[in-house]
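Peer 1: Take this structure, written in structure tokens, and hold onto it; I'll ask about it next.
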Amino acid sequence: VVSTQSTGQDKICRVLQYSSQLIWWYLEERGFSPEYVNQLKQLQSSLSLARKYFSLGRSVEHMRGAAVSIHINDPILRYSITLSRISSALQFLCDNMFLFSTVGLIGLDQGNLASLSSKLWLYADLMNIIRVSYEIRQEINEQFDRQNSNLKHLDHSFYSTCRSVMSRRPDLFVDLVKNMSDIWLPVNSSGLARLSPGAIGFCGTLSSVLSASAVWQKSGKL
């Protein structure tokens, strides 16, 4: 119950964190008072720190999940899900170490911890994209089999099949958009690309809202 409550609180904070970044970027671009902009930047920073508190213990939760997913029969699902969960577990562990360093409990290089956390986050997102893309492909293949069609004929039947799959499994497409939006955050923080604060705010808000809706609405939850 505690884990579920912490996860819900984290998702709410995540939506607020990235939406505040999007807002302060917009206000800054429009020339609004620096006082308002700085207040929103401080709010974003506080929410980011709060989320690190909520992440305490979540590395154990993800490792337990990896211990379960390693027994999945399908090899692609087995490795993509398991590797994603292990990466997330290590990412949360880095975030916990970052938090302990911030409050002075341990003395570690916060820059190295943040860099490692971003790389683990990026790898987890890549595994998630591989997994959901594979699941969508499987659903399309099954739909074609039911229609006695052939994937070689990429005509109207293919697109109608995609629409059928989307209407039957909207959760997969929601998850794909969520992960495709989310992956730009670690890409930026790891230094592989440089996005504007507005782009990061938009991608973070979109992925956060979709992630929260997947929990609050069972039809969108994997």
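Residue numbering restarts at 1 for every chain of the structure tokens, chains are lettered A, B, ... in their displayed order, and ligands are numbered from 1 as they appear.
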Excluding Val165 (chain A) and its own-chain neighbours fewer than 4 positions away, which residues fall within 12 Å of it when counting only C-alpha atoms? Please give them as a CSV table (one decimal) with C-alpha atoms, in the first residue's frame.
Peer 2:
chain,number,residue,atom,x,y,z
A,135,GLU,CA,3.9,-6.2,-28.7
A,136,ILE,CA,2.2,-3.9,-31.3
A,137,ARG,CA,3.8,-5.9,-34.1
A,138,GLN,CA,2.5,-9.1,-32.5
A,139,GLU,CA,-1.0,-7.7,-32.3
A,140,ILE,CA,-0.9,-6.6,-35.9
A,141,ASN,CA,0.4,-10.1,-37.0
A,142,GLU,CA,-2.4,-11.8,-35.1
A,143,GLN,CA,-5.0,-9.4,-36.6
A,144,PHE,CA,-3.7,-10.2,-40.1
A,146,ARG,CA,-7.5,-13.5,-38.3
A,158,PHE,CA,-2.6,-2.9,-43.4
A,159,TYR,CA,-3.8,0.5,-42.1
A,160,SER,CA,-7.3,-0.7,-41.3
A,161,THR,CA,-5.6,-3.5,-39.4
A,169,ARG,CA,-5.3,-2.2,-27.5
A,170,PRO,CA,-5.1,1.6,-27.0
A,171,ASP,CA,-2.8,0.9,-24.0
A,172,LEU,CA,0.0,-0.2,-26.3
A,173,PHE,CA,-0.1,3.0,-28.3
Peer 1: Which residues, written as an mmCIF file with N, CA, C and O atoms, in the first residue's frame, have at least one atom at most 9 Å from Val177 (chain A), with only C-alpha atoms counted and residues fewer than 4 positions away on the same chain left out?
Peer 2:
data_model
loop_
_atom_site.group_PDB
_atom_site.id
_atom_site.type_symbol
_atom_site.label_atom_id
_atom_site.label_comp_id
_atom_site.auth_asym_id
_atom_site.auth_seq_id
_atom_site.Cartn_x
_atom_site.Cartn_y
_atom_site.Cartn_z
ATOM 1 N N LEU A 172 -1.304 -0.016 -25.629
ATOM 2 C CA LEU A 172 0.007 -0.179 -26.250
ATOM 3 C C LEU A 172 0.463 1.098 -26.935
ATOM 4 O O LEU A 172 1.634 1.488 -26.843
ATOM 5 N N PHE A 173 -0.459 1.760 -27.625
ATOM 6 C CA PHE A 173 -0.105 2.983 -28.338
ATOM 7 C C PHE A 173 0.126 4.142 -27.363
ATOM 8 O O PHE A 173 0.984 4.995 -27.601
ATOM 9 N N SER A 181 8.134 9.986 -25.873
ATOM 10 C CA SER A 181 8.254 11.334 -25.310
ATOM 11 C C SER A 181 9.270 11.357 -24.179
ATOM 12 O O SER A 181 10.093 12.273 -24.066
ATOM 13 N N ASP A 182 9.228 10.330 -23.351
ATOM 14 C CA ASP A 182 10.067 10.288 -22.160
ATOM 15 C C ASP A 182 11.546 10.142 -22.493
ATOM 16 O O ASP A 182 12.404 10.683 -21.769
ATOM 17 N N LEU A 206 3.988 15.594 -21.162
ATOM 18 C CA LEU A 206 3.215 14.625 -21.945
ATOM 19 C C LEU A 206 3.415 13.209 -21.421
ATOM 20 O O LEU A 206 2.439 12.482 -21.184
ATOM 21 N N SER A 207 4.670 12.808 -21.227
ATOM 22 C CA SER A 207 4.931 11.451 -20.749
ATOM 23 C C SER A 207 4.389 11.244 -19.333
ATOM 24 O O SER A 207 3.908 10.154 -18.999
ATOM 25 N N LEU A 210 0.502 10.869 -19.496
ATOM 26 C CA LEU A 210 0.151 9.549 -20.041
ATOM 27 C C LEU A 210 0.454 8.451 -19.026
ATOM 28 O O LEU A 210 -0.309 7.494 -18.897
#
Peer 1: Might you pull out every residue within 12 Å of Gln42 (chain A), with only C-alpha atoms counted and same-chain residues fewer than 4 positions away left off, and present them as a ChimeraX atom specification?
Peer 2: /A:17,20-21,24,35-38,46-49
Peer 1: Distance CA of Asp175 (chain A)-CA of Leu56 (chain A), one decimal place?
Peer 2: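 Distance reported for this atom pair: 24.6 Å.
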Peer 1: Could you tell me which of A:Asn179, A:Gln110, A:Ser101, A:Ser167 comes closest to Ala124 (chain A) if we count only C-alpha atoms?
Peer 2: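 With only C-alpha atoms as the atom set, the closest residue is A:Asn179.
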Peer 1: Would you please work out which residue, of A:Lys11, A:Lys41, A:Arg51, A:Arg58, is nearest to Ala212 (chain A) when using only C-alpha atoms?
Peer 2: A:Lys11
Peer 1: So what do you get for CA of Leu16 (chain A) versus CA of Phe98 (chain A), distance-wise?
Peer 2: 21.2 Å
Peer 1: Excluding Glu61 (chain A) and any residue of its chain fewer than 2 positions from it, enumerate the residues within 10 Å of it, using only C-alpha atoms, and give them as a PyMOL selection string.
Peer 2: chain A and resi 3+57-59+63-66+85+88-89
Peer 1: Name all residues at most 8 Å from Arg131 (chain A) (count only C-alpha atoms; drop same-chain ones fewer than 5 positions away) and give them as a PDB file with N, CA and C atoms, in the first residue's frame.
Peer 2:
ATOM      1  N   ILE A  76      12.006 -12.106 -26.335  1.00  0.00           N
ATOM      2  CA  ILE A  76      12.098 -10.652 -26.516  1.00  0.00           C
ATOM      3  C   ILE A  76      11.456  -9.933 -25.347  1.00  0.00           C
ATOM      4  N   LEU A  77      10.269 -10.385 -24.950  1.00  0.00           N
ATOM      5  CA  LEU A  77       9.611  -9.784 -23.790  1.00  0.00           C
ATOM      6  C   LEU A  77      10.408 -10.046 -22.518  1.00  0.00           C
ATOM      7  N   SER A  80      13.671  -7.726 -22.681  1.00  0.00           N
ATOM      8  CA  SER A  80      13.392  -6.289 -22.701  1.00  0.00           C
ATOM      9  C   SER A  80      12.780  -5.823 -21.375  1.00  0.00           C
ATOM     10  N   ILE A  81      11.829  -6.591 -20.850  1.00  0.00           N
ATOM     11  CA  ILE A  81      11.190  -6.216 -19.583  1.00  0.00           C
ATOM     12  C   ILE A  81      12.165  -6.346 -18.419  1.00  0.00           C
TER      13      ILE A  81
END
Peer 1: Based on DSSP run over this structure's backbone, return all residues of region 71-198 of chain A in helix (DSSP H, G or I), as number ranges by chain.
Peer 2: A: 75-102, 110-147, 156-168, 170-182, 184-189, 197-198
Peer 1: At a cut-off of 8 Å, using only C-alpha atoms, what residues contact Ile129 (chain A)? Leave out same-chain residues fewer than 2 positions from it and give the result as JSON, numbers by chain.
Peer 2: {"A": [125, 126, 127, 131, 132, 133, 176, 179, 180]}
Peer 1: What does the distance from CA of Asp145 (chain A) to CA of Lys178 (chain A) come to in Å, to one decimal?
Peer 2: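 According to the coordinates, CA of Asp145 (chain A) and CA of Lys178 (chain A) are separated by 28.3 Å.
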Peer 1: Pick the closest to Tyr26 (chain A) from A:Ile70, A:Leu40, A:Val174, A:Ile183: which is it, counting only C-alpha atoms?
Peer 2: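 Of A:Ile70, A:Leu40, A:Val174, A:Ile183, the one nearest Tyr26 (chain A), counting only C-alpha atoms, is A:Leu40.
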Peer 1: For Gly111 (chain A), which residue out of A:Ser190, A:Ser196, A:Thr82, A:Ser211 is the nearest one, using only C-alpha atoms?
Peer 2: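 Answer, going by the shortest atom-to-atom distance: A:Ser190.
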